[in-house]
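Student: Contents of my_file_14.csv (CSV, C-alpha atoms and all ligand atoms) are given next:
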```csv
chain,number,residue,atom,x,y,z
A,1,MET,CA,17.5,43.9,-16.7
A,2,VAL,CA,16.4,43.7,-13.0
A,3,ASN,CA,13.1,42.2,-14.2
A,4,ILE,CA,14.9,39.5,-16.2
A,5,LEU,CA,17.1,38.7,-13.2
A,6,LEU,CA,14.1,38.4,-10.9
A,7,ILE,CA,12.3,36.1,-13.4
A,8,ALA,CA,15.4,33.9,-13.7
A,9,LEU,CA,15.7,33.8,-9.9
A,10,PHE,CA,12.1,32.8,-9.6
A,11,PHE,CA,12.5,29.9,-12.0
A,12,LEU,CA,15.8,28.8,-10.2
A,13,VAL,CA,14.0,28.7,-6.8
A,14,PHE,CA,11.0,27.0,-8.3
A,15,ASP,CA,13.2,24.3,-10.0
A,16,LEU,CA,15.1,23.9,-6.7
A,17,PHE,CA,11.9,23.3,-4.8
A,18,PHE,CA,10.7,20.9,-7.4
A,19,LEU,CA,13.9,18.9,-7.3
A,20,LEU,CA,13.8,18.8,-3.5
A,21,PHE,CA,10.2,17.6,-3.8
A,22,LEU,CA,11.1,14.8,-6.2
A,23,LEU,CA,14.0,13.8,-4.0
A,24,TRP,CA,11.8,13.7,-0.9
A,25,GLN,CA,9.1,11.7,-2.8
A,26,SER,CA,11.7,9.0,-3.7
A,27,LEU,CA,13.4,8.9,-0.3
A,28,ARG,CA,10.2,8.8,1.8
A,29,PRO,CA,9.3,5.1,1.2
A,30,VAL,CA,12.9,4.0,1.8
A,31,LEU,CA,13.1,6.0,5.0
A,32,ALA,CA,9.7,4.4,6.0
A,33,GLY,CA,11.0,0.9,5.3
A,34,GLY,CA,8.6,0.3,2.5
A,35,ALA,CA,8.3,0.2,-1.3
A,36,PHE,CA,8.3,2.9,-3.9
A,37,TYR,CA,4.9,3.7,-5.5
A,38,ALA,CA,4.0,1.4,-8.3
A,39,SER,CA,0.4,0.2,-8.8
A,40,THR,CA,-0.8,-3.4,-9.1
A,41,ARG,CA,-2.4,-4.0,-12.4
A,42,GLU,CA,-6.2,-4.3,-12.4
A,43,GLU,CA,-6.2,-8.1,-13.5
A,44,ALA,CA,-3.8,-8.8,-10.6
A,45,VAL,CA,-6.0,-6.8,-8.2
A,46,LYS,CA,-8.9,-9.1,-9.1
A,47,LYS,CA,-6.8,-12.2,-8.7
A,48,MET,CA,-5.4,-11.0,-5.3
A,49,VAL,CA,-8.9,-10.5,-4.0
A,50,ALA,CA,-10.0,-13.9,-5.3
A,51,LEU,CA,-7.0,-15.6,-3.7
A,52,ALA,CA,-7.8,-14.0,-0.3
A,53,GLN,CA,-11.3,-15.7,-0.3
A,54,ILE,CA,-12.9,-13.0,1.7
A,55,LYS,CA,-16.0,-13.8,3.7
A,56,PRO,CA,-18.5,-11.0,4.4
A,57,GLY,CA,-17.6,-8.8,7.3
A,58,GLU,CA,-14.0,-9.8,7.4
A,59,LYS,CA,-11.3,-7.2,7.9
A,60,ALA,CA,-8.8,-6.6,5.2
A,61,VAL,CA,-5.8,-4.3,4.9
A,62,ASP,CA,-3.5,-3.2,2.1
A,63,LEU,CA,-0.1,-2.3,3.4
A,64,GLY,CA,1.1,0.7,1.4
A,65,SER,CA,-2.2,1.3,-0.3
A,66,GLY,CA,-1.1,3.6,-3.1
A,67,ASP,CA,-4.1,5.0,-5.1
A,68,GLY,CA,-6.5,2.7,-3.1
A,69,ARG,CA,-7.3,0.3,-5.9
A,70,LEU,CA,-6.8,-2.8,-3.6
A,71,VAL,CA,-8.7,-1.2,-0.7
A,72,ILE,CA,-11.6,-0.5,-3.0
A,73,ALA,CA,-11.6,-4.0,-4.5
A,74,LEU,CA,-11.4,-5.6,-1.0
A,75,ALA,CA,-14.4,-3.5,0.1
A,76,ARG,CA,-16.4,-4.4,-3.0
A,77,ALA,CA,-15.7,-8.1,-2.2
A,78,GLY,CA,-17.4,-7.6,1.1
A,79,ALA,CA,-14.6,-6.8,3.5
A,80,GLN,CA,-14.2,-3.9,5.9
A,81,ALA,CA,-11.2,-2.6,4.1
A,82,SER,CA,-8.3,-0.4,5.3
A,83,GLY,CA,-5.2,1.0,3.7
A,84,TYR,CA,-2.1,2.4,5.3
A,85,GLU,CA,-0.2,4.9,3.1
A,86,ILE,CA,2.4,7.5,3.9
A,87,ASP,CA,2.3,9.6,0.7
A,88,PRO,CA,-0.2,12.5,1.3
A,89,LEU,CA,-1.0,12.8,-2.4
A,90,LEU,CA,-1.9,9.2,-2.7
A,91,VAL,CA,-3.9,9.4,0.5
A,92,TRP,CA,-5.9,12.3,-0.9
A,93,LEU,CA,-6.4,10.5,-4.3
A,94,SER,CA,-7.5,7.2,-2.8
A,95,ARG,CA,-9.9,8.9,-0.4
A,96,ARG,CA,-11.4,10.7,-3.3
A,97,LYS,CA,-11.7,7.4,-5.3
A,98,ILE,CA,-13.4,5.8,-2.3
A,99,ARG,CA,-15.9,8.7,-2.1
A,100,GLN,CA,-16.6,8.5,-5.8
A,101,ALA,CA,-17.2,4.7,-5.5
A,102,GLY,CA,-19.6,5.4,-2.6
A,103,LEU,CA,-17.6,3.1,-0.3
A,104,GLU,CA,-17.0,5.5,2.6
A,105,LYS,CA,-18.6,3.1,5.1
A,106,GLN,CA,-16.5,0.1,4.1
A,107,ALA,CA,-13.2,1.5,3.0
A,108,PHE,CA,-10.7,3.6,5.0
A,109,ILE,CA,-7.3,5.1,4.3
A,110,TYR,CA,-4.9,6.0,7.2
A,111,ARG,CA,-2.0,8.3,6.6
A,112,GLN,CA,0.3,6.2,8.8
A,113,SER,CA,3.2,3.8,8.5
A,114,PHE,CA,1.9,0.2,8.7
A,115,TRP,CA,5.1,-0.6,10.7
A,116,ASN,CA,3.6,1.3,13.6
A,117,GLU,CA,0.2,-0.5,13.5
A,118,ASP,CA,-1.0,-3.6,15.3
A,119,LEU,CA,-2.3,-5.8,12.5
A,120,SER,CA,-3.8,-8.5,14.7
A,121,GLY,CA,-7.4,-7.5,13.9
A,122,PHE,CA,-7.1,-8.2,10.2
A,123,ASN,CA,-8.2,-11.5,8.6
A,124,VAL,CA,-6.7,-10.6,5.2
A,125,VAL,CA,-3.5,-8.7,4.3
A,126,THR,CA,-2.5,-7.6,0.9
A,127,VAL,CA,0.9,-6.2,0.0
A,128,TYR,CA,2.9,-5.1,-3.0
A,129,GLY,CA,6.2,-4.5,-1.2
A,130,ILE,CA,9.9,-4.7,-2.1
A,131,SER,CA,12.6,-7.3,-1.4
A,132,TYR,CA,14.3,-5.5,1.5
A,133,MET,CA,11.1,-5.3,3.6
A,134,MET,CA,9.9,-8.9,3.3
A,135,LYS,CA,11.9,-10.4,6.1
A,136,ARG,CA,10.8,-7.8,8.6
A,137,LEU,CA,7.2,-8.0,7.4
A,138,GLU,CA,7.2,-11.8,7.7
A,139,ARG,CA,8.3,-11.5,11.4
A,140,LYS,CA,5.6,-8.8,12.1
A,141,LEU,CA,2.8,-10.7,10.4
A,142,LYS,CA,3.7,-14.1,12.0
A,143,GLU,CA,3.8,-12.3,15.4
A,144,GLU,CA,0.6,-10.4,15.0
A,145,LEU,CA,-1.9,-12.2,12.8
A,146,LYS,CA,-4.3,-14.7,14.2
A,147,THR,CA,-4.7,-18.3,13.0
A,148,GLY,CA,-6.7,-18.4,9.8
A,149,ALA,CA,-5.5,-15.0,8.5
A,150,ARG,CA,-4.4,-14.9,4.8
A,151,VAL,CA,-1.7,-12.8,3.3
A,152,VAL,CA,-1.5,-12.2,-0.5
A,153,SER,CA,1.7,-10.7,-1.8
A,154,ASN,CA,2.2,-9.3,-5.2
A,155,TYR,CA,5.5,-10.4,-6.7
A,156,PHE,CA,7.7,-10.5,-3.6
A,157,THR,CA,7.9,-13.6,-1.3
A,158,PHE,CA,8.7,-14.1,2.4
A,159,PRO,CA,12.1,-15.7,3.0
A,160,ASP,CA,11.0,-18.4,5.5
A,161,TRP,CA,7.2,-18.7,5.1
A,162,ALA,CA,6.1,-21.5,2.8
A,163,GLU,CA,3.4,-20.2,0.5
A,164,SER,CA,0.1,-22.2,0.4
A,165,LYS,CA,-0.7,-21.2,-3.2
A,166,LYS,CA,1.1,-19.4,-6.1
A,167,GLU,CA,-0.7,-17.9,-9.1
A,168,GLY,CA,1.7,-16.4,-11.5
A,169,ARG,CA,3.5,-13.6,-9.6
A,170,LEU,CA,0.9,-13.7,-6.7
A,171,HIS,CA,1.6,-15.6,-3.5
A,172,LEU,CA,-0.8,-16.7,-0.9
A,173,TYR,CA,0.3,-17.4,2.7
A,174,GLN,CA,-1.9,-18.7,5.5
A,175,LYS,CA,-1.3,-18.3,9.3
B,1,LIG,C1,4.4,-0.7,-4.6
B,1,LIG,S1,3.3,0.5,-4.0
B,1,LIG,C2,1.8,-0.5,-3.9
B,1,LIG,C3,0.5,0.4,-4.0
B,1,LIG,C4,-0.8,-0.5,-4.0
B,1,LIG,N1,-0.8,-1.3,-2.8
B,1,LIG,C5,-1.0,-1.3,-5.2
B,1,LIG,O1,-0.7,-2.5,-5.1
B,1,LIG,O2,-1.3,-0.7,-6.2
B,1,LIG,C6,3.8,0.7,-2.3
B,1,LIG,C7,3.2,1.8,-1.6
B,1,LIG,O3,3.6,1.7,-0.2
B,1,LIG,C8,3.7,3.0,0.3
B,1,LIG,N2,4.6,2.9,1.5
B,1,LIG,C9,5.9,2.7,1.6
B,1,LIG,N3,6.3,2.5,2.9
B,1,LIG,C10,5.2,2.6,3.6
B,1,LIG,C11,4.9,2.6,5.0
B,1,LIG,N4,5.9,2.3,5.9
B,1,LIG,N5,3.7,2.7,5.5
B,1,LIG,C12,2.6,3.0,4.6
B,1,LIG,N6,2.8,3.0,3.3
B,1,LIG,C13,4.1,2.9,2.8
B,1,LIG,C14,4.3,3.8,-0.8
B,1,LIG,O4,4.1,5.2,-0.7
B,1,LIG,C15,3.6,3.2,-2.0
B,1,LIG,O5,2.4,3.9,-2.3
```
Represent the supplied structure as structure tokens.
Ligand SMILES: C[S@@+](CC[C@H](N)C(=O)[O-])C[C@H]1O[C@@H](n2cnc3c(N)ncnc32)[C@H](O)[C@@H]1O

Tutor:
Amino acid sequence: MVNILLIALFFLVFDLFFLLFLLWQSLRPVLAGGAFYASTREEAVKKMVALAQIKPGEKAVDLGSGDGRLVIALARAGAQASGYEIDPLLVWLSRRKIRQAGLEKQAFIYRQSFWNEDLSGFNVVTVYGISYMMKRLERKLKEELKTGARVVSNYFTFPDWAESKKEGRLHLYQK
């Protein structure tokens, strides 16, 4: 009887921790002022990189880099590519994918919020965000990016920045 109670207690505690983990996973992006995890489809990744028109040696960044697919694609296109990501599991996964692709010298993932970073050194920014962050992000990018920088946004648009090109659900902005 005591054994059964102990086993039941173990599963109860395990479930509780699991639920707390799920709750934290869903709250974290909101608390960080960013989007929930959802990945850009591979065809869209290719189109985003093509829209960015990367020149060799340019610096590119994916804001909220998820599993690293855009960072890897940007690096393959010739950029020094960075990604900011707050979810440690996704950071681990994307770094692993970068190693497997042999891109350790061109692609870097930082476990940090992009809101705390100065983005002025980047020529290209990609983002798959969410509506509630776009106004704040527009302000940050307009303040920090240099003339000539390009921003490619998957799906979401900036409220006051006129896009220079639209391809389906992808939007290109130029500073
Ligand atoms: C919609 S997903 C996009 C993933 C990837 N860029 C792609 O297109 O496949 C948004 C990502 O941003 C991350 N994120 C949310 N807020 C963030 C913040 N303040 N700083 C860094 N990453 C953030 C989330 O954890 C999530 O992985």

Student: Would you mind listing what lies within 10 Å of Val71 in chain A as a PyMOL selection string, with all atoms listed in the file counted and same-chain residues fewer than 4 positions away left out?

Tutor: chain A and resi 45+49+60-63+65-67+75-77+79-84+94+98+103+106-109+126

Student: Nearest residue to Tyr37 in chain A out of A:Leu90, A:Ala162, A:Leu23, A:Val13, using all atoms listed in the file?

Tutor: A:Leu90

Student: Which residues of chain A sit at most 8 Å from ligand LIG 1 (chain B), using all atoms listed in the file? Give each one's shortest atom pair and distance in Å (one decimal place), in chain and ascending residue order, as CSV.

Tutor:
```
residue,atom,partner,partner_atom,distance
A:Arg28,CA,B:LIG1,C9,7.5
A:Pro29,CA,B:LIG1,C9,4.2
A:Val30,CA,B:LIG1,N3,6.9
A:Leu31,CA,B:LIG1,N3,7.9
A:Ala32,CA,B:LIG1,N4,4.3
A:Gly33,CA,B:LIG1,N4,5.3
A:Gly34,CA,B:LIG1,N3,3.2
A:Ala35,CA,B:LIG1,C9,4.5
A:Phe36,CA,B:LIG1,C15,5.1
A:Tyr37,CA,B:LIG1,C15,3.8
A:Ala38,CA,B:LIG1,C1,4.3
A:Ser39,CA,B:LIG1,O2,3.2
A:Thr40,CA,B:LIG1,O2,4.0
A:Arg41,CA,B:LIG1,O2,7.1
A:Val45,CA,B:LIG1,O1,7.5
A:Asp62,CA,B:LIG1,N1,5.9
A:Leu63,CA,B:LIG1,N6,6.0
A:Gly64,CA,B:LIG1,O3,3.1
A:Ser65,CA,B:LIG1,N1,3.9
A:Gly66,CA,B:LIG1,O5,3.6
A:Asp67,CA,B:LIG1,O2,6.4
A:Gly68,CA,B:LIG1,C4,6.6
A:Arg69,CA,B:LIG1,O2,6.1
A:Leu70,CA,B:LIG1,C5,6.2
A:Tyr84,CA,B:LIG1,C12,4.8
A:Glu85,CA,B:LIG1,N6,3.6
A:Ile86,CA,B:LIG1,N6,4.6
A:Asp87,CA,B:LIG1,O4,5.0
A:Leu90,CA,B:LIG1,O5,6.8
A:Arg111,CA,B:LIG1,C12,7.3
A:Gln112,CA,B:LIG1,C12,5.8
A:Ser113,CA,B:LIG1,N5,3.2
A:Phe114,CA,B:LIG1,N5,4.4
A:Trp115,CA,B:LIG1,N4,5.7
A:Thr126,CA,B:LIG1,N1,7.5
A:Val127,CA,B:LIG1,N1,5.9
A:Tyr128,CA,B:LIG1,C2,4.8
A:Gly129,CA,B:LIG1,C1,5.4
A:Ile130,CA,B:LIG1,C1,7.2
A:Asn154,CA,B:LIG1,O1,7.4
```

Student: Write to file, as a PDB file, keeping the file's coordinate frame, the residues of the selection just made, with C-alpha atoms.

Tutor:
```
ATOM      1  CA  ARG A  28      10.200   8.800   1.800  1.00  0.00           C
ATOM      2  CA  PRO A  29       9.300   5.100   1.200  1.00  0.00           C
ATOM      3  CA  VAL A  30      12.900   4.000   1.800  1.00  0.00           C
ATOM      4  CA  LEU A  31      13.100   6.000   5.000  1.00  0.00           C
ATOM      5  CA  ALA A  32       9.700   4.400   6.000  1.00  0.00           C
ATOM      6  CA  GLY A  33      11.000   0.900   5.300  1.00  0.00           C
ATOM      7  CA  GLY A  34       8.600   0.300   2.500  1.00  0.00           C
ATOM      8  CA  ALA A  35       8.300   0.200  -1.300  1.00  0.00           C
ATOM      9  CA  PHE A  36       8.300   2.900  -3.900  1.00  0.00           C
ATOM     10  CA  TYR A  37       4.900   3.700  -5.500  1.00  0.00           C
ATOM     11  CA  ALA A  38       4.000   1.400  -8.300  1.00  0.00           C
ATOM     12  CA  SER A  39       0.400   0.200  -8.800  1.00  0.00           C
ATOM     13  CA  THR A  40      -0.800  -3.400  -9.100  1.00  0.00           C
ATOM     14  CA  ARG A  41      -2.400  -4.000 -12.400  1.00  0.00           C
ATOM     15  CA  VAL A  45      -6.000  -6.800  -8.200  1.00  0.00           C
ATOM     16  CA  ASP A  62      -3.500  -3.200   2.100  1.00  0.00           C
ATOM     17  CA  LEU A  63      -0.100  -2.300   3.400  1.00  0.00           C
ATOM     18  CA  GLY A  64       1.100   0.700   1.400  1.00  0.00           C
ATOM     19  CA  SER A  65      -2.200   1.300  -0.300  1.00  0.00           C
ATOM     20  CA  GLY A  66      -1.100   3.600  -3.100  1.00  0.00           C
ATOM     21  CA  ASP A  67      -4.100   5.000  -5.100  1.00  0.00           C
ATOM     22  CA  GLY A  68      -6.500   2.700  -3.100  1.00  0.00           C
ATOM     23  CA  ARG A  69      -7.300   0.300  -5.900  1.00  0.00           C
ATOM     24  CA  LEU A  70      -6.800  -2.800  -3.600  1.00  0.00           C
ATOM     25  CA  TYR A  84      -2.100   2.400   5.300  1.00  0.00           C
ATOM     26  CA  GLU A  85      -0.200   4.900   3.100  1.00  0.00           C
ATOM     27  CA  ILE A  86       2.400   7.500   3.900  1.00  0.00           C
ATOM     28  CA  ASP A  87       2.300   9.600   0.700  1.00  0.00           C
ATOM     29  CA  LEU A  90      -1.900   9.200  -2.700  1.00  0.00           C
ATOM     30  CA  ARG A 111      -2.000   8.300   6.600  1.00  0.00           C
ATOM     31  CA  GLN A 112       0.300   6.200   8.800  1.00  0.00           C
ATOM     32  CA  SER A 113       3.200   3.800   8.500  1.00  0.00           C
ATOM     33  CA  PHE A 114       1.900   0.200   8.700  1.00  0.00           C
ATOM     34  CA  TRP A 115       5.100  -0.600  10.700  1.00  0.00           C
ATOM     35  CA  THR A 126      -2.500  -7.600   0.900  1.00  0.00           C
ATOM     36  CA  VAL A 127       0.900  -6.200   0.000  1.00  0.00           C
ATOM     37  CA  TYR A 128       2.900  -5.100  -3.000  1.00  0.00           C
ATOM     38  CA  GLY A 129       6.200  -4.500  -1.200  1.00  0.00           C
ATOM     39  CA  ILE A 130       9.900  -4.700  -2.100  1.00  0.00           C
ATOM     40  CA  ASN A 154       2.200  -9.300  -5.200  1.00  0.00           C
TER      41      ASN A 154
END
```

Student: Considering all atoms listed in the file, can you say which of A:Gly57, A:Pro88, A:Gly148, A:Pro159 comes closest to Gln174 in chain A?

Tutor: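 Closest to Gln174 in chain A of all the choices is A:Gly148.
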
Student: Between CA of Ser153 in chain A and CA of Leu170 in chain A, what distance in Å does the model show, to one decimal?

Tutor: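 Computed distance, CA of Ser153 in chain A to CA of Leu170 in chain A, equals 5.8 Å.
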
Student: Using only C-alpha atoms, which protein or nucleic acid residues come within 8 Å of Lys146 in chain A? Drop anything in the same chain fewer than 2 positions from it, and give the result as a list in words.

Tutor: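 With the cut-off at 8 Å, the set is Ser120, Gly121, Asn123, Glu144, Gly148, Ala149 and Lys175 of chain A.
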
Student: Would you compute the distance between CA of Asp160 in chain A and CA of Ala52 in chain A? Give it in Å to one decimal.

Tutor: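 It comes out at 20.2 Å.
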
Student: Nearest residue to Ser131 in chain A out of A:Asn116, A:Gln100, A:Thr157, A:Gln53, using only C-alpha atoms?

Tutor: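 Using only C-alpha atoms, the shortest distance to Ser131 in chain A belongs to A:Thr157.
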